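**Student:** Attaching a single structure in structure tokens format; questions to follow.
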Amino acid sequence: MEGTGLSSTFAWLDYSESERRKVRDVLDIFRQQDTRDELGIGAIRDAFADLLFPGTTTIQTRARYFLFVPWIYLNLEQKQAPASRFAIRLRQDETYLTRRLLANDESDGVIGRVAGDKIQRLPSNIYWLGLRSWGIRLFPGGQSEYHRSVDSFYASIGRALSAREEHSEEFGVRRNWHGGLPSAPEGFPEGATLRLTAEESRYLCERIAAAETHTGEESMLAFLARRGEGAACDFAWMHPLAPEAPVHLRRWLGHMRNFSECVHGGALLYNLMLARLDKREELVEEYHEGLLAWSGMLSERDSELARWDRDDFWRLVSESAASVSRWTRDFVDDWLDIALDPIRRAGVADESTVQSLIEQRERRLKKGRARLVNKRALENWSGYSGTGRLGFRWNVASRHLDDIFAGLNDDA
């Protein structure tokens, strides 16, 4: 095995530039595949995603929903929709918004475009935590709690009005939404589109800047919003402004890149093992090539990876709200030791101890449903499972920024 690993490593060092591009093309095959968390590292991924892009979630679509949701809530409050009917009225208004967006020739990013009135997760639910993170939603509880509390909210407003002190804290009047929220367009949701106005874009930039990370330092989302420059790139660390970011952001981006590139090999090996079990020779060859390309990619960065401060990496994870078990940390550390060893990573496709590490990890996560030990579960394998490289929600964050910058450019 060691001989194979050495030859693979040295062969990579002798590659021509055209051959290097070829193996990068192999890795590109897996770049856009799904990023399901087959190896149980989602908590670590989310810790850094929350740090760099607070308020985002993987199923958010467009930035204007950060305004649509409070506009709908404020409209229902103005009409004093009762607590007993609030959730029903909310659903009606949100599904009606979907119909109006589609009628106004919007499609890209419209939530409920396919499911229609049968949608399971409404925009308000998808954006609820993000609205709090960005300081747009002031109400501290969950949606159900909000809906149950509206009757007492209306009563408190009535008491304040009768005392001619509408905004007096003495009468217990709370504010559910940020006072600087732009007003909904006249007739909303009629004529609704996903395009932000300049005023709305400036407001969201302010809210993004106010969203704090658990370290108290500026997020990557806030830095890019402040700089007002978009870019088409696959990962945040590839953004043209990344080298100009504050020191703490460059450090975080370095952790993200190292982790993403290293653990990608584990996902490829897992799928190679499944392809072998399923006797799908074409996929076996594809994943073999993918692992060779992965090993070569890391070889180009060996000097940088050797300086990776993994203690700082784990410190950031432990200080976040993420809950990472001892078993998960041990597995990740074991895999990183392999990925950072040029000889071992070049031979992962054939080293039994490495494959045993992957198998034990899946069995711990999925018990009897693990594909590597359950033939029926293996039959449901599509051929590509969790093979996408971790982007830490950059695709969502960059789409929000694109929407915001488009609104600002309109103003310019």
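Ligands are numbered from 1 in the order shown, chains are lettered A, B, ... in the order of the structure tokens, and residues start at 1 in each chain.
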Run DSSP on the backbone of this structure and report the residues of range 29-231 of chain A it assigns to helix (DSSP H, G or I), as a ChimeraX atom specification.

**Tutor:** /A:29-31,42-52,65-78,83-103,116-118,123-133,143-162,169-171,198-210,220-227

**Student:** Could I get the residues of range 170-270 of chain A with an atom no further than 12 Å from an atom of range 132-141 of chain A, each paired with its nearest atom pair and that distance in Å to one decimal, using only C-alpha atoms, sorted by chain and residue number, as CSV?

**Tutor:**
```
residue,atom,partner,partner_atom,distance
A:Val173,CA,A:Phe139,CA,11.9
A:Arg174,CA,A:Phe139,CA,8.3
A:Arg175,CA,A:Leu138,CA,6.7
A:Asn176,CA,A:Phe139,CA,4.7
A:Trp177,CA,A:Arg137,CA,4.7
A:His178,CA,A:Ile136,CA,4.9
A:Gly179,CA,A:Ile136,CA,8.5
A:Gly180,CA,A:Ile136,CA,8.7
A:Leu181,CA,A:Ile136,CA,7.4
A:Pro182,CA,A:Ile136,CA,10.7
A:Tyr203,CA,A:Ile136,CA,9.9
A:Leu204,CA,A:Trp134,CA,8.3
A:Cys205,CA,A:Trp134,CA,9.7
A:Glu206,CA,A:Trp134,CA,8.9
A:Arg207,CA,A:Trp134,CA,5.2
A:Ile208,CA,A:Trp134,CA,5.6
A:Ala209,CA,A:Trp134,CA,8.1
A:Ala210,CA,A:Trp134,CA,6.5
A:Ala211,CA,A:Trp134,CA,4.8
A:Glu212,CA,A:Ser133,CA,7.7
A:Thr213,CA,A:Ser133,CA,9.3
A:His214,CA,A:Ser133,CA,11.2
A:Ser219,CA,A:Trp134,CA,11.8
A:Leu221,CA,A:Trp134,CA,11.2
A:Ala222,CA,A:Trp134,CA,10.6
```

**Student:** Which is closest to Ser382 in chain A among A:Leu283, A:Val247, A:Leu52, A:Ala160, if we use only C-alpha atoms?

**Tutor:**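 Smallest distance to Ser382 in chain A is found for A:Leu283.
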
**Student:** From the list A:Ala225, A:Arg85, A:Val332, A:Ala293, which residue is nearest Gly42 in chain A when using only C-alpha atoms?

**Tutor:**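 Going through A:Ala225, A:Arg85, A:Val332, A:Ala293 one by one, the smallest distance to Gly42 in chain A is for A:Val332.
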
**Student:** Find the spatial neighbours of range 94-96 of chain A, counting only C-alpha atoms, within a cut-off of 9 Å - ignore same-chain residues fewer than 2 positions away - and output them as a ChimeraX atom specification.

**Tutor:** /A:68-69,72,89-92,98-101,112,116-119,122-124,189

**Student:** Fewer than 4 positions away in the same chain doesn't count, so skip those; otherwise give me all residues within 12 Å of Asn374 in chain A, counting only C-alpha atoms, as a compact mmCIF listing (two decimals) with N, CA and C atoms, in the first residue's frame.

**Tutor:**
```txt
# COMPACT_ATOMS: atom_id res chain seq x y z
N LEU A 274 -19.72 1.86 -1.51
CA LEU A 274 -21.07 1.47 -1.91
C LEU A 274 -21.08 0.94 -3.34
N LEU A 277 -19.80 -2.59 -3.38
CA LEU A 277 -20.79 -3.52 -2.85
C LEU A 277 -21.91 -3.77 -3.86
N ASP A 278 -22.29 -2.72 -4.57
CA ASP A 278 -23.39 -2.80 -5.53
C ASP A 278 -22.93 -3.28 -6.91
N GLU A 359 -16.95 2.64 7.63
CA GLU A 359 -18.05 1.70 7.91
C GLU A 359 -18.53 1.84 9.35
N GLU A 362 -20.67 4.98 9.74
CA GLU A 362 -22.04 4.88 9.24
C GLU A 362 -22.89 4.00 10.15
N ARG A 363 -22.32 2.92 10.66
CA ARG A 363 -23.08 2.03 11.53
C ARG A 363 -23.45 2.74 12.83
N LYS A 366 -26.36 5.24 11.69
CA LYS A 366 -27.60 4.73 11.11
C LYS A 366 -28.03 3.37 11.64
N LYS A 367 -27.21 2.79 12.49
CA LYS A 367 -27.50 1.47 13.05
C LYS A 367 -27.80 0.46 11.94
N GLY A 368 -28.93 -0.23 12.03
CA GLY A 368 -29.25 -1.26 11.05
C GLY A 368 -29.61 -0.75 9.68
N ARG A 369 -29.77 0.56 9.53
CA ARG A 369 -30.12 1.14 8.23
C ARG A 369 -28.89 1.56 7.42
N ALA A 370 -27.72 1.26 7.94
CA ALA A 370 -26.49 1.64 7.23
C ALA A 370 -26.39 0.89 5.91
N LEU A 378 -28.98 -0.41 0.64
CA LEU A 378 -28.08 -0.18 -0.49
C LEU A 378 -28.85 -0.09 -1.80
N GLU A 379 -29.94 -0.84 -1.92
CA GLU A 379 -30.74 -0.82 -3.15
C GLU A 379 -31.33 0.56 -3.41
N ASN A 380 -31.49 1.37 -2.36
CA ASN A 380 -32.06 2.70 -2.53
C ASN A 380 -31.01 3.77 -2.79
N TRP A 381 -29.77 3.34 -2.91
CA TRP A 381 -28.68 4.29 -3.17
C TRP A 381 -28.72 4.74 -4.63
```

**Student:** Which is closest to Tyr287 in chain A among A:Ile41, A:Leu51, A:Leu131, A:Ala267, if we use only C-alpha atoms?

**Tutor:**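 Looking only at the distances to Tyr287 in chain A, the closest residue turns out to be A:Ala267.
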
**Student:** Choose the residue, out of A:Thr197, A:Gly191, A:Thr58, A:Glu106, that has the smallest atom-to-atom separation from Leu408 in chain A; count only C-alpha atoms.

**Tutor:**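 Closest to Leu408 in chain A of all the choices is A:Thr197.
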